[in-house]
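Trainee: Sharing my_file.csv here; it has CSV, C-alpha atoms and all ligand atoms.
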```
chain,number,residue,atom,x,y,z
A,12,MET,CA,18.5,-0.2,1.1
A,13,LYS,CA,15.9,0.1,3.8
A,14,VAL,CA,13.1,2.6,3.5
A,15,THR,CA,14.0,4.0,6.9
A,16,ASP,CA,17.7,4.4,5.7
A,17,HIS,CA,16.4,6.4,2.7
A,18,ILE,CA,14.5,8.6,5.0
A,19,LYS,CA,17.5,9.0,7.4
A,20,GLN,CA,19.8,10.0,4.6
A,21,ALA,CA,17.4,12.3,2.8
A,22,GLN,CA,18.1,16.0,2.5
A,23,SER,CA,14.6,16.8,1.5
A,24,THR,CA,11.2,15.1,1.0
A,25,LEU,CA,11.5,11.8,-0.9
A,26,PHE,CA,9.4,10.7,-3.8
A,27,SER,CA,8.0,7.2,-4.0
A,28,ILE,CA,5.2,5.3,-5.8
A,29,GLU,CA,2.9,2.4,-5.5
A,30,ILE,CA,2.1,0.3,-8.6
A,31,LEU,CA,-0.2,-2.7,-9.2
A,32,PRO,CA,0.9,-5.8,-11.1
A,33,PRO,CA,-0.7,-5.9,-14.5
A,34,LEU,CA,-3.7,-8.1,-15.2
A,35,LYS,CA,-2.8,-11.8,-15.8
A,36,GLY,CA,-1.7,-12.3,-19.4
A,37,LYS,CA,-0.3,-8.7,-19.9
A,38,SER,CA,3.4,-8.2,-20.3
A,39,ILE,CA,5.8,-6.6,-17.7
A,40,GLN,CA,6.4,-3.9,-20.3
A,41,SER,CA,3.2,-2.1,-19.0
A,42,ILE,CA,5.0,-1.8,-15.6
A,43,PHE,CA,8.2,-0.4,-17.2
A,44,ASP,CA,6.0,2.0,-19.3
A,45,GLY,CA,4.5,3.3,-16.1
A,46,ILE,CA,7.8,3.7,-14.2
A,47,ASP,CA,10.0,5.1,-17.1
A,48,PRO,CA,8.3,8.6,-17.1
A,49,LEU,CA,8.8,8.9,-13.3
A,50,MET,CA,12.5,8.0,-13.2
A,51,GLU,CA,13.5,11.6,-13.7
A,52,PHE,CA,12.1,12.3,-10.2
A,53,LYS,CA,14.4,9.6,-8.7
A,54,PRO,CA,11.8,7.5,-6.8
A,55,SER,CA,13.5,6.2,-3.6
A,56,PHE,CA,11.4,3.0,-3.6
A,57,VAL,CA,8.5,1.4,-5.5
A,58,ASP,CA,5.8,-0.5,-3.7
A,59,VAL,CA,4.2,-3.4,-5.5
A,60,THR,CA,0.7,-4.4,-4.3
A,61,TYR,CA,-0.3,-8.0,-3.7
A,62,HIS,CA,-3.6,-9.3,-4.9
A,63,ARG,CA,-5.1,-12.5,-3.6
A,64,GLU,CA,-7.3,-15.0,-5.3
A,65,GLU,CA,-11.0,-14.3,-6.1
A,66,TYR,CA,-13.7,-16.8,-6.8
A,67,ILE,CA,-15.7,-16.6,-10.0
A,68,TYR,CA,-18.4,-18.8,-11.5
A,69,LYS,CA,-17.6,-20.2,-15.0
A,70,LYS,CA,-20.5,-21.6,-17.2
A,71,ARG,CA,-19.7,-25.1,-18.3
A,72,ASP,CA,-21.2,-27.5,-20.9
A,73,GLY,CA,-24.7,-28.5,-19.7
A,74,GLY,CA,-25.2,-25.0,-18.2
A,75,TYR,CA,-23.9,-25.8,-14.7
A,76,LEU,CA,-21.7,-23.2,-13.0
A,77,GLU,CA,-18.2,-24.1,-11.7
A,78,LYS,CA,-16.6,-22.1,-8.9
A,79,VAL,CA,-13.1,-21.3,-10.0
A,80,SER,CA,-10.3,-19.6,-8.0
A,81,ILE,CA,-8.3,-17.1,-10.0
A,82,ARG,CA,-5.6,-14.5,-9.3
A,83,LYS,CA,-6.2,-11.6,-11.6
A,84,ARG,CA,-2.9,-9.8,-10.8
A,85,PRO,CA,-0.2,-12.3,-9.9
A,86,GLY,CA,3.5,-11.4,-10.2
A,87,THR,CA,4.3,-9.2,-7.2
A,88,VAL,CA,7.6,-10.8,-6.4
A,89,GLY,CA,8.7,-11.1,-10.0
A,90,ILE,CA,7.9,-7.4,-10.6
A,91,CYS,CA,10.0,-6.4,-7.6
A,92,ALA,CA,13.0,-8.4,-8.9
A,93,ALA,CA,12.5,-6.9,-12.4
A,94,ILE,CA,12.4,-3.3,-11.0
A,95,MET,CA,15.5,-3.8,-8.9
A,96,ASN,CA,17.3,-5.3,-11.8
A,97,LYS,CA,16.3,-2.7,-14.4
A,98,TYR,CA,16.3,0.5,-12.4
A,99,HIS,CA,18.5,-0.3,-9.5
A,100,ILE,CA,16.0,1.1,-7.1
A,101,ASP,CA,14.4,-0.5,-4.1
A,102,ALA,CA,11.2,-2.4,-4.5
A,103,VAL,CA,8.8,-3.0,-1.6
A,104,PRO,CA,6.5,-6.0,-2.0
A,105,HIS,CA,3.3,-6.0,-0.1
A,106,ILE,CA,2.8,-9.1,2.0
A,107,ILE,CA,-0.7,-10.0,3.2
A,108,CYS,CA,-2.1,-12.4,5.8
A,109,GLY,CA,-5.1,-13.5,3.6
A,110,GLY,CA,-4.6,-16.7,1.7
A,111,PHE,CA,-1.3,-17.6,3.4
A,112,SER,CA,-0.5,-20.1,6.1
A,113,LYS,CA,2.4,-19.1,8.3
A,114,GLU,CA,4.6,-21.6,6.6
A,115,GLU,CA,3.8,-20.2,3.1
A,116,THR,CA,4.5,-16.7,4.5
A,117,GLU,CA,7.9,-17.9,5.8
A,118,ASN,CA,8.8,-19.5,2.5
A,119,ALA,CA,7.7,-16.3,0.6
A,120,LEU,CA,9.9,-14.2,2.8
A,121,ILE,CA,12.9,-16.5,2.2
A,122,ASP,CA,12.3,-16.0,-1.6
A,123,LEU,CA,12.4,-12.2,-1.0
A,124,GLN,CA,15.6,-12.4,1.1
A,125,PHE,CA,17.3,-14.5,-1.6
A,126,LEU,CA,16.3,-11.8,-4.1
A,127,GLY,CA,18.0,-9.1,-2.0
A,128,ILE,CA,14.8,-7.4,-1.2
A,129,ASP,CA,15.3,-5.3,2.0
A,130,ASN,CA,11.7,-4.0,2.6
A,131,VAL,CA,8.2,-5.4,3.0
A,132,LEU,CA,4.9,-3.7,3.7
A,133,ALA,CA,3.0,-6.1,6.1
A,134,LEU,CA,-0.8,-6.0,5.7
A,135,ARG,CA,-3.8,-8.1,6.7
A,136,GLY,CA,-5.5,-7.8,3.3
A,137,ASP,CA,-9.3,-7.4,2.8
A,138,SER,CA,-11.9,-10.1,2.7
A,139,ILE,CA,-12.5,-11.8,-0.6
A,140,LYS,CA,-15.7,-10.9,-2.4
A,141,SER,CA,-17.5,-14.1,-1.5
A,142,GLU,CA,-16.9,-13.6,2.3
A,143,PRO,CA,-18.6,-11.0,4.3
A,144,GLU,CA,-15.6,-10.4,6.6
A,145,PHE,CA,-11.9,-11.3,6.6
A,146,VAL,CA,-11.3,-15.0,7.2
A,147,PRO,CA,-7.7,-16.0,8.0
A,148,GLU,CA,-6.3,-18.9,6.1
A,149,PRO,CA,-6.1,-22.1,8.3
A,150,GLY,CA,-2.8,-21.8,10.0
A,151,GLY,CA,-2.4,-18.2,8.9
A,152,HIS,CA,-2.5,-14.8,10.5
A,153,ALA,CA,-5.7,-12.9,11.6
A,154,TYR,CA,-4.1,-9.4,11.8
A,155,ALA,CA,-1.2,-7.6,10.3
A,156,ILE,CA,0.5,-7.5,13.8
A,157,ASP,CA,0.8,-11.3,13.7
A,158,LEU,CA,2.6,-11.0,10.3
A,159,VAL,CA,4.8,-8.3,11.7
A,160,LYS,CA,5.7,-10.5,14.6
A,161,GLN,CA,6.6,-13.4,12.3
A,162,ILE,CA,8.9,-11.2,10.1
A,163,ASP,CA,10.4,-9.6,13.2
A,164,ASN,CA,11.1,-13.2,14.5
A,165,MET,CA,12.8,-14.1,11.2
A,166,ASN,CA,14.9,-10.9,11.6
A,167,LYS,CA,16.0,-12.3,14.9
A,168,GLY,CA,16.8,-15.7,13.4
A,169,LYS,CA,13.6,-17.4,14.7
A,170,TYR,CA,12.0,-19.6,12.1
A,171,MET,CA,8.9,-21.8,12.6
A,172,ASP,CA,11.0,-24.9,12.9
A,173,ASP,CA,13.0,-24.6,16.2
A,174,ASP,CA,15.3,-27.4,15.2
A,175,LEU,CA,16.9,-25.5,12.3
A,176,ALA,CA,20.6,-25.0,13.0
A,177,ASP,CA,22.9,-22.2,11.9
A,178,VAL,CA,20.0,-20.1,10.6
A,179,ALA,CA,20.6,-16.8,8.8
A,180,PRO,CA,18.5,-14.1,10.2
A,181,THR,CA,16.6,-12.0,7.6
A,182,ASN,CA,17.0,-8.2,7.7
A,183,PHE,CA,13.7,-6.8,6.5
A,184,CYS,CA,12.6,-3.2,7.2
A,185,ILE,CA,8.9,-3.7,8.0
A,186,GLY,CA,6.3,-1.1,7.0
A,187,VAL,CA,2.6,-1.1,8.0
A,188,ALA,CA,-0.6,0.6,6.9
A,189,GLY,CA,-2.2,3.5,8.8
A,190,TYR,CA,-5.6,5.2,8.3
A,191,PRO,CA,-6.0,8.9,9.0
A,192,GLU,CA,-9.8,8.5,8.6
A,193,LYS,CA,-9.9,5.3,10.7
A,194,HIS,CA,-9.9,1.7,9.4
A,195,PHE,CA,-13.5,1.0,8.5
A,196,GLU,CA,-13.8,-2.1,10.8
A,197,ALA,CA,-12.3,-0.3,13.9
A,198,PRO,CA,-15.0,0.5,16.4
A,199,ASN,CA,-13.4,3.9,17.0
A,200,MET,CA,-10.3,5.9,16.3
A,201,ILE,CA,-8.7,5.3,19.7
A,202,SER,CA,-9.0,1.5,19.2
A,203,ASP,CA,-7.5,1.8,15.7
A,204,MET,CA,-4.6,3.9,17.0
A,205,ARG,CA,-3.9,1.4,19.8
A,206,TYR,CA,-3.6,-1.4,17.3
A,207,LEU,CA,-1.4,0.7,15.2
A,208,LYS,CA,0.9,1.3,18.1
A,209,ALA,CA,0.9,-2.4,18.8
A,210,LYS,CA,2.1,-3.0,15.2
A,211,ILE,CA,5.0,-0.6,15.8
A,212,ASP,CA,5.9,-2.2,19.1
A,213,ALA,CA,5.9,-5.6,17.4
A,214,GLY,CA,8.7,-4.4,15.1
A,215,SER,CA,7.4,-2.3,12.2
A,216,GLU,CA,9.5,0.8,11.5
A,217,TYR,CA,7.4,3.1,9.4
A,218,ILE,CA,3.8,3.7,8.4
A,219,VAL,CA,2.3,4.4,5.0
A,220,THR,CA,-1.1,6.0,5.1
A,221,GLN,CA,-4.3,5.2,3.3
A,222,MET,CA,-5.0,7.9,0.7
A,223,PHE,CA,-6.5,11.2,1.9
A,224,PHE,CA,-7.6,14.3,0.2
A,225,ASP,CA,-7.7,16.7,3.1
A,226,ASN,CA,-4.3,17.4,4.6
A,227,ALA,CA,-6.0,18.4,7.9
A,228,GLN,CA,-6.8,14.7,8.4
A,229,TYR,CA,-3.2,13.8,8.1
A,230,PHE,CA,-2.0,16.5,10.4
A,231,GLU,CA,-4.6,15.4,13.0
A,232,TYR,CA,-3.4,11.8,12.6
A,233,LEU,CA,0.2,12.9,13.3
A,234,LYS,CA,-1.1,14.4,16.5
A,235,LYS,CA,-2.9,11.2,17.5
A,236,CYS,CA,0.2,9.1,16.7
A,237,LYS,CA,2.2,11.4,18.9
A,238,GLU,CA,-0.3,10.9,21.7
A,239,GLN,CA,0.2,7.2,21.4
A,240,ASN,CA,4.0,7.7,21.4
A,241,ILE,CA,4.3,6.5,17.8
A,242,ILE,CA,7.5,8.1,16.7
A,243,VAL,CA,8.3,6.2,13.4
A,244,PRO,CA,8.1,8.0,10.0
A,245,ILE,CA,4.5,8.4,8.8
A,246,ILE,CA,4.5,8.5,5.0
A,247,PRO,CA,1.4,10.2,3.5
A,248,GLY,CA,-0.2,8.3,0.6
A,249,LEU,CA,-1.7,10.5,-2.2
A,250,LYS,CA,-4.0,9.6,-5.1
A,251,ILE,CA,-4.8,11.9,-8.0
A,252,ILE,CA,-8.5,11.9,-9.0
A,253,THR,CA,-8.9,11.5,-12.7
A,254,THR,CA,-12.5,10.7,-13.3
A,255,LYS,CA,-15.9,11.9,-12.1
A,256,LYS,CA,-16.8,8.4,-11.1
A,257,GLN,CA,-13.9,8.3,-8.6
A,258,ALA,CA,-15.7,10.9,-6.4
A,259,THR,CA,-18.1,8.1,-5.5
A,260,THR,CA,-16.1,4.9,-6.0
A,261,LEU,CA,-13.0,5.9,-3.9
A,262,PRO,CA,-15.0,6.6,-0.8
A,263,LYS,CA,-16.8,3.2,-1.3
A,264,ILE,CA,-13.7,1.2,-1.9
A,265,PHE,CA,-11.2,2.9,0.5
A,266,LYS,CA,-13.7,4.3,3.1
A,267,ILE,CA,-12.3,7.8,2.8
A,268,ASP,CA,-14.0,11.3,2.4
A,269,ILE,CA,-13.8,13.6,-0.5
A,270,PRO,CA,-13.6,17.2,0.8
A,271,HIS,CA,-16.7,19.2,-0.1
A,272,GLU,CA,-14.6,21.9,-1.9
A,273,LEU,CA,-13.0,19.2,-4.1
A,274,LEU,CA,-16.4,17.6,-4.8
A,275,LEU,CA,-17.8,20.9,-5.9
A,276,GLN,CA,-14.9,21.4,-8.3
A,277,ILE,CA,-15.4,17.9,-9.7
A,278,GLU,CA,-19.2,18.4,-10.1
A,279,LYS,CA,-18.6,21.5,-12.2
A,280,CYS,CA,-16.4,19.6,-14.7
A,281,LYS,CA,-18.0,18.7,-18.0
A,282,THR,CA,-15.6,15.9,-19.0
A,283,ASP,CA,-13.2,13.5,-17.3
A,284,ALA,CA,-10.4,15.5,-19.0
A,285,ASP,CA,-11.5,18.5,-16.9
A,286,VAL,CA,-11.7,16.3,-13.7
A,287,LYS,CA,-8.1,15.2,-14.4
A,288,GLU,CA,-7.0,18.9,-14.4
A,289,VAL,CA,-8.8,19.5,-11.1
A,290,GLY,CA,-7.3,16.3,-9.6
A,291,ILE,CA,-3.8,17.3,-10.6
A,292,GLU,CA,-4.1,20.8,-9.2
A,293,TRP,CA,-5.6,19.5,-6.0
A,294,CYS,CA,-2.8,17.0,-5.5
A,295,ILE,CA,-0.1,19.6,-6.3
A,296,ASN,CA,-1.5,21.8,-3.6
A,297,GLN,CA,-1.7,18.9,-1.1
A,298,SER,CA,1.9,17.9,-2.0
A,299,LYS,CA,3.3,21.3,-1.6
A,300,GLU,CA,1.7,21.8,1.8
A,301,LEU,CA,2.9,18.4,3.0
A,302,ILE,CA,6.4,19.2,1.9
A,303,SER,CA,6.3,22.6,3.8
A,304,ALA,CA,5.2,20.6,6.8
A,305,GLY,CA,8.4,18.5,6.5
A,306,VAL,CA,6.9,15.1,5.7
A,307,PRO,CA,9.6,12.5,5.1
A,308,CYS,CA,8.3,11.2,1.7
A,309,LEU,CA,5.4,11.7,-0.6
A,310,HIS,CA,4.0,8.3,-1.7
A,311,TYR,CA,1.8,8.4,-4.8
A,312,TYR,CA,-0.8,5.7,-5.6
A,313,THR,CA,-0.3,5.6,-9.4
A,314,MET,CA,-2.9,3.0,-10.1
A,315,GLY,CA,-1.8,2.8,-13.7
A,316,THR,CA,-1.9,6.6,-14.3
A,317,SER,CA,1.8,7.5,-14.2
A,318,GLU,CA,1.2,10.4,-16.7
A,319,VAL,CA,-0.8,12.4,-14.1
A,320,THR,CA,1.8,11.5,-11.3
A,321,ARG,CA,4.5,12.8,-13.6
A,322,ARG,CA,2.6,16.1,-14.0
A,323,VAL,CA,2.2,16.5,-10.2
A,324,ALA,CA,5.8,15.5,-9.5
A,325,SER,CA,7.2,17.9,-12.1
A,326,LYS,CA,5.6,20.8,-10.1
A,327,VAL,CA,6.5,19.5,-6.7
A,328,PHE,CA,10.0,17.9,-6.9
A,401,LIG,P1,-4.7,-4.6,10.6
A,401,LIG,O1,-3.6,-3.7,11.1
A,401,LIG,O2,-4.7,-6.0,11.0
A,401,LIG,O3,-6.1,-4.0,11.0
A,401,LIG,C1,-7.3,-4.4,10.6
A,401,LIG,C2,-8.4,-4.0,11.5
A,401,LIG,O4,-8.4,-4.8,12.7
A,401,LIG,C3,-8.4,-2.6,12.0
A,401,LIG,O5,-9.7,-2.1,12.1
A,401,LIG,C4,-7.7,-2.6,13.3
A,401,LIG,O6,-8.1,-1.6,14.2
A,401,LIG,C5,-8.1,-4.0,13.8
A,401,LIG,N1,-7.1,-4.7,14.6
A,401,LIG,C6,-5.8,-4.8,14.4
A,401,LIG,N2,-5.2,-5.6,15.3
A,401,LIG,C7,-6.2,-6.1,16.1
A,401,LIG,C8,-6.3,-7.1,17.1
A,401,LIG,N3,-5.2,-7.7,17.6
A,401,LIG,N4,-7.5,-7.4,17.6
A,401,LIG,C9,-8.6,-6.8,17.2
A,401,LIG,N5,-8.6,-5.9,16.2
A,401,LIG,C10,-7.5,-5.6,15.6
A,401,LIG,N6,-4.6,-4.9,0.6
A,401,LIG,C11,-4.2,-5.9,-0.2
A,401,LIG,O7,-4.9,-7.0,-0.3
A,401,LIG,N7,-3.0,-5.9,-1.0
A,401,LIG,C12,-2.2,-4.8,-0.9
A,401,LIG,O8,-1.1,-4.8,-1.5
A,401,LIG,C13,-2.6,-3.7,0.0
A,401,LIG,N8,-1.8,-2.6,0.1
A,401,LIG,C14,-2.1,-1.6,1.0
A,401,LIG,C15,-1.3,-0.5,1.1
A,401,LIG,C16,-1.6,0.5,2.0
A,401,LIG,C17,-0.7,1.7,2.2
A,401,LIG,C18,-2.9,0.5,2.7
A,401,LIG,C19,-3.3,1.6,3.6
A,401,LIG,C20,-3.7,-0.6,2.5
A,401,LIG,C21,-3.4,-1.7,1.7
A,401,LIG,N9,-4.2,-2.8,1.5
A,401,LIG,C22,-3.8,-3.8,0.7
A,401,LIG,C23,-5.5,-2.8,2.1
A,401,LIG,C24,-5.4,-3.5,3.5
A,401,LIG,O9,-5.1,-4.9,3.4
A,401,LIG,C25,-6.8,-3.4,4.2
A,401,LIG,O10,-7.1,-2.0,4.5
A,401,LIG,C26,-7.1,-4.3,5.3
A,401,LIG,O11,-8.6,-4.2,5.6
A,401,LIG,C27,-6.5,-3.9,6.6
A,401,LIG,O12,-5.1,-4.2,6.6
A,401,LIG,P2,-4.2,-3.7,7.8
A,401,LIG,O13,-2.8,-4.3,7.5
A,401,LIG,O14,-4.3,-2.3,8.1
A,401,LIG,O15,-4.9,-4.6,9.0
```
What do you get writing this file as structure tokens?
Mentor:
Amino acid sequence: MKVTDHIKQAQSTLFSIEILPPLKGKSIQSIFDGIDPLMEFKPSFVDVTYHREEYIYKKRDGGYLEKVSIRKRPGTVGICAAIMNKYHIDAVPHIICGGFSKEETENALIDLQFLGIDNVLALRGDSIKSEPEFVPEPGGHAYAIDLVKQIDNMNKGKYMDDDLADVAPTNFCIGVAGYPEKHFEAPNMISDMRYLKAKIDAGSEYIVTQMFFDNAQYFEYLKKCKEQNIIVPIIPGLKIITTKKQATTLPKIFKIDIPHELLLQIEKCKTDADVKEVGIEWCINQSKELISAGVPCLHYYTMGTSEVTRRVASKVF
């Protein structure tokens, strides 16, 4: 079922999660172990992130360094199929522009269609570590909007090869990312909002936000979306802080702010166990306020910490 249909049919705020594929070599059991404790809260859908290749240098005999391409977290599509098979809930694979030609994207989407997957989150992806800025694959997409257009075309039965006869249109519900604190590359918020609006006009039907820790940022974002006439559901993404280190790493990685009051509470903690309690309490309060404001769904970035998500969900749902 489509994410937008879940939202249309909901009587109250929905619960959903995002998970990461396990590191290469680990079993899928780690995914099930993360989802099992959350099933009592009936997640409407589970997003599975996509991780592109990275380049590392391996020392070879004779001391020379060989540049090797590796994907540390493969398995997005397989995990989606396994989740749907085991739990009978919808899985939402993340599809990125980076590393894919348009044809590879088309073929990946055909795989998803054959697996009965109804939803995709369409993203550009970040630059790989060895590149200072995002470089599209030759023959690939430069921005998420181009990917949205390709998926929307397939939904209309338009594949890359015009000569295909009797094509079956796909029927994907397309989600995109939004940034209440601005995407870090955008010159300003107005520019970022215009490109967001363009992604919606191109065929995406809902937005999932980057994590934020100050609900005021999200409420302000809703206003800005309204000004741009963006009327699709805007699902807030929430992350529970569990370590002191995250107070500095999350802003660096995700280009978001930690509110000063939260930072003060974290700084007072003696151990990470104390930080976890602060993070859980903060997220419970954020969640409750968002539910009171009538958000369609609360989307938790579990990042391998389903125990804390379970503690938050048990107080909120
Ligand atoms: P875009 O919408 O393409 O925007 C990128 C930047 O370009 C923005 O600054 C925008 O303002 C600007 N822009 C957009 N269109 C144009 C245009 N036509 N001309 C000029 N400028 C333009 N990354 C992964 O690799 N895997 C994942 O699974 C993943 N999941 C994510 C899930 C969520 C909910 C979020 C919020 C992010 C996720 N990311 C993931 C990270 C994401 O790929 C990065 O944030 C990336 O830098 C931007 O992706 P986007 O889809 O928002 O890009």
Trainee: Which is closer to Lys299 (chain A) than all the others in A:Tyr68, A:Ile162, A:Ala324, A:Ala284, using all atoms listed in the file?
Mentor: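 Closest to Lys299 (chain A), using all atoms listed in the file: A:Ala324.
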Trainee: Can you work out which residues are within 6 Å of ligand LIG 401 (chain A), considering all atoms listed in the file, and then hand them over as a ChimeraX atom specification?
Mentor: /A:60-62,105,134-137,154-155,188-189,194,196-197,202-203,206,219-221
Trainee: Which residues are near Ile246 (chain A)? Cut-off 9 Å, all atoms listed in the file, ignore same chain within fewer than 2 positions. Put them as a list in words.
Mentor: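 Once the adjacent positions are removed, what remains is Tyr217, Ile218, Val219, Thr220, Pro244, Gly248, Val306, Pro307, Cys308, Leu309 and His310 of chain A.
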Trainee: Between CA of Ala213 (chain A) and CA of Asp157 (chain A), what is the distance in Å, rounded to a tenth?
Mentor: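 For CA of Ala213 (chain A) relative to CA of Asp157 (chain A), the distance reads 8.5 Å.
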Trainee: Just want the 10 Å neighbourhood of Thr116 (chain A), counted on only C-alpha atoms, with same-chain residues fewer than 3 positions away dropped. Output as a list in words.
Mentor: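 Near Thr116 (chain A), the qualifying residues are Ile106, Ile107, Cys108, Gly110, Phe111, Ser112, Lys113, Ala119, Leu120, Ile121, Asp122, Gly151, His152, Leu158, Gln161 and Ile162 of chain A.
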Trainee: Kindly provide the residues of region 184-229 of chain A that approach region 260-280 of chain A to within 9 Å, each paired with its closest atom pair and their distance in Å to one decimal, based on only C-alpha atoms, listed by chain and increasing number, as JSON lines.
Mentor:
```
{"residue": "A:Pro191", "atom": "CA", "partner": "A:Ile267", "partner_atom": "CA", "distance": 8.9}
{"residue": "A:Glu192", "atom": "CA", "partner": "A:Ile267", "partner_atom": "CA", "distance": 6.4}
{"residue": "A:Lys193", "atom": "CA", "partner": "A:Lys266", "partner_atom": "CA", "distance": 8.6}
{"residue": "A:His194", "atom": "CA", "partner": "A:Lys266", "partner_atom": "CA", "distance": 7.8}
{"residue": "A:Phe195", "atom": "CA", "partner": "A:Lys266", "partner_atom": "CA", "distance": 6.3}
{"residue": "A:Gln221", "atom": "CA", "partner": "A:Phe265", "partner_atom": "CA", "distance": 7.8}
{"residue": "A:Met222", "atom": "CA", "partner": "A:Ile267", "partner_atom": "CA", "distance": 7.6}
{"residue": "A:Phe223", "atom": "CA", "partner": "A:Ile267", "partner_atom": "CA", "distance": 6.8}
{"residue": "A:Phe224", "atom": "CA", "partner": "A:Ile269", "partner_atom": "CA", "distance": 6.3}
{"residue": "A:Asp225", "atom": "CA", "partner": "A:Pro270", "partner_atom": "CA", "distance": 6.4}
```
Trainee: Using only C-alpha atoms, find the one residue out of A:Gly315, A:Pro247, A:Pro32, A:Gly214 that sits nearest to Arg82 (chain A).
Mentor: A:Pro32
Trainee: Quick one: everything within 6 Å of Pro180 (chain A), counting only C-alpha atoms, minus sequence neighbours fewer than 5 positions away in the same chain. Send it as an MDAnalysis selection string.
Mentor: chainID A and resid 165:168
Trainee: Quote the spacing between CA of Asn96 (chain A) and CA of Gln40 (chain A) in Å to one decimal place.
Mentor: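 Computing it gives 13.9 Å between the two atoms.
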Trainee: Can you pull out every residue within 7 Å of Asp101 (chain A), counting all atoms listed in the file, but drop anything in the same chain fewer than 6 positions away, and send it as a compact mmCIF listing (two decimals) with C-alpha atoms, keeping the file's coordinate frame?
Mentor:
```
# COMPACT_ATOMS: atom_id res chain seq x y z
CA MET A 12 18.50 -0.20 1.10
CA SER A 55 13.50 6.20 -3.60
CA PHE A 56 11.40 3.00 -3.60
CA VAL A 57 8.50 1.40 -5.50
CA MET A 95 15.50 -3.80 -8.90
```
Trainee: For Lys281 (chain A), list every protein, DNA or RNA residue within 12 Å, evaluated using all atoms listed in the file, and leave out those in the same chain fewer than 6 positions away; present the list as a list in words.
Mentor: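 Non-adjacent residues within range: Thr254, Lys255, Lys287, Glu288 and Val289 of chain A.
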Trainee: Take CA of Ser27 (chain A) and CA of His99 (chain A) and report the distance between them in Å, one decimal.
Mentor: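 Computing it gives 14.0 Å between the two atoms.
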Trainee: When distances are computed from only C-alpha atoms, which of A:Glu142, A:Thr87, A:Lys326, A:Glu117 shows the smallest separation from Tyr66 (chain A)?
Mentor: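 Once distances to Tyr66 (chain A) are computed over only C-alpha atoms, the minimum belongs to A:Glu142.
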Trainee: Between A:Ile30, A:Ile42, A:Val327, A:Phe125, single out the one closest to Ala179 (chain A), counting all atoms listed in the file.
Mentor: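 The closest residue to Ala179 (chain A) is A:Phe125.
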Trainee: List every protein, DNA or RNA residue with an atom no more than 8 Å from (10.7, 15.3, -10.0) in the file's coordinates, counting only C-alpha atoms, and format the result as a list of chain:residue names.
Mentor: A:Phe26, A:Leu49, A:Glu51, A:Phe52, A:Lys53, A:Arg321, A:Ala324, A:Ser325, A:Lys326, A:Val327, A:Phe328
Trainee: Generate a file of the selected residues that holds C-alpha atoms, formatted as a short mmCIF file (atom, residue, chain, number, x, y, z; two decimals), in the frame of the given file.
Mentor:
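Saved file selection.cif follows:
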```cif
data_model
loop_
_atom_site.label_atom_id
_atom_site.label_comp_id
_atom_site.auth_asym_id
_atom_site.auth_seq_id
_atom_site.Cartn_x
_atom_site.Cartn_y
_atom_site.Cartn_z
CA PHE A 26 9.40 10.70 -3.80
CA LEU A 49 8.80 8.90 -13.30
CA GLU A 51 13.50 11.60 -13.70
CA PHE A 52 12.10 12.30 -10.20
CA LYS A 53 14.40 9.60 -8.70
CA ARG A 321 4.50 12.80 -13.60
CA ALA A 324 5.80 15.50 -9.50
CA SER A 325 7.20 17.90 -12.10
CA LYS A 326 5.60 20.80 -10.10
CA VAL A 327 6.50 19.50 -6.70
CA PHE A 328 10.00 17.90 -6.90
#
```
Trainee: Adding 8 Å on each side of the box along x, y and z that holds all listed atoms of region 269-286 of chain A, could you give its centre and edge lengths in Å to one decimal, as lines of an AutoDock Vina configuration file?
Mentor:
```
center_x = -14.8
center_y = 17.7
center_z = -9.1
size_x = 24.8
size_y = 24.4
size_z = 35.8
```
Trainee: In file coordinates, which residues lie within 10 Å of (-17.8, -14.8, -4.5) using all atoms listed in the file, given as a list in words?
Mentor: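 Residues with an atom close enough to that point: Glu65, Tyr66, Ile67, Tyr68, Lys78, Val79, Ser80, Ile139, Lys140, Ser141, Glu142 and Pro143 of chain A.
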Trainee: Between A:Glu114, A:Asp172, A:Glu292, A:Glu300, which is the closest to Pro149 (chain A) once you count all atoms listed in the file?
Mentor: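 With all atoms listed in the file as the atom set, the closest residue is A:Glu114.
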Trainee: Of the residues A:Asp44, A:Lys250, A:Gly74, A:Leu31, which is the one nearest to Cys91 (chain A), using all atoms listed in the file?
Mentor: A:Leu31
Trainee: Selecting C-alpha atoms, how would region 154-168 of chain A from this structure be written as a compact mmCIF listing (two decimals), in the first residue's frame?
Mentor:
```
# COMPACT_ATOMS: atom_id res chain seq x y z
CA TYR A 154 19.37 16.16 -8.76
CA ALA A 155 16.59 14.26 -7.02
CA ILE A 156 14.03 16.05 -9.21
CA ASP A 157 15.43 14.29 -12.30
CA LEU A 158 15.00 10.94 -10.57
CA VAL A 159 11.45 11.88 -9.56
CA LYS A 160 10.72 12.72 -13.21
CA GLN A 161 12.06 9.36 -14.37
CA ILE A 162 9.92 7.45 -11.85
CA ASP A 163 6.89 9.58 -12.69
CA ASN A 164 7.45 8.82 -16.38
CA MET A 165 7.55 5.10 -15.65
CA ASN A 166 4.29 5.53 -13.70
CA LYS A 167 2.89 6.93 -16.95
CA GLY A 168 4.28 4.00 -18.95
```
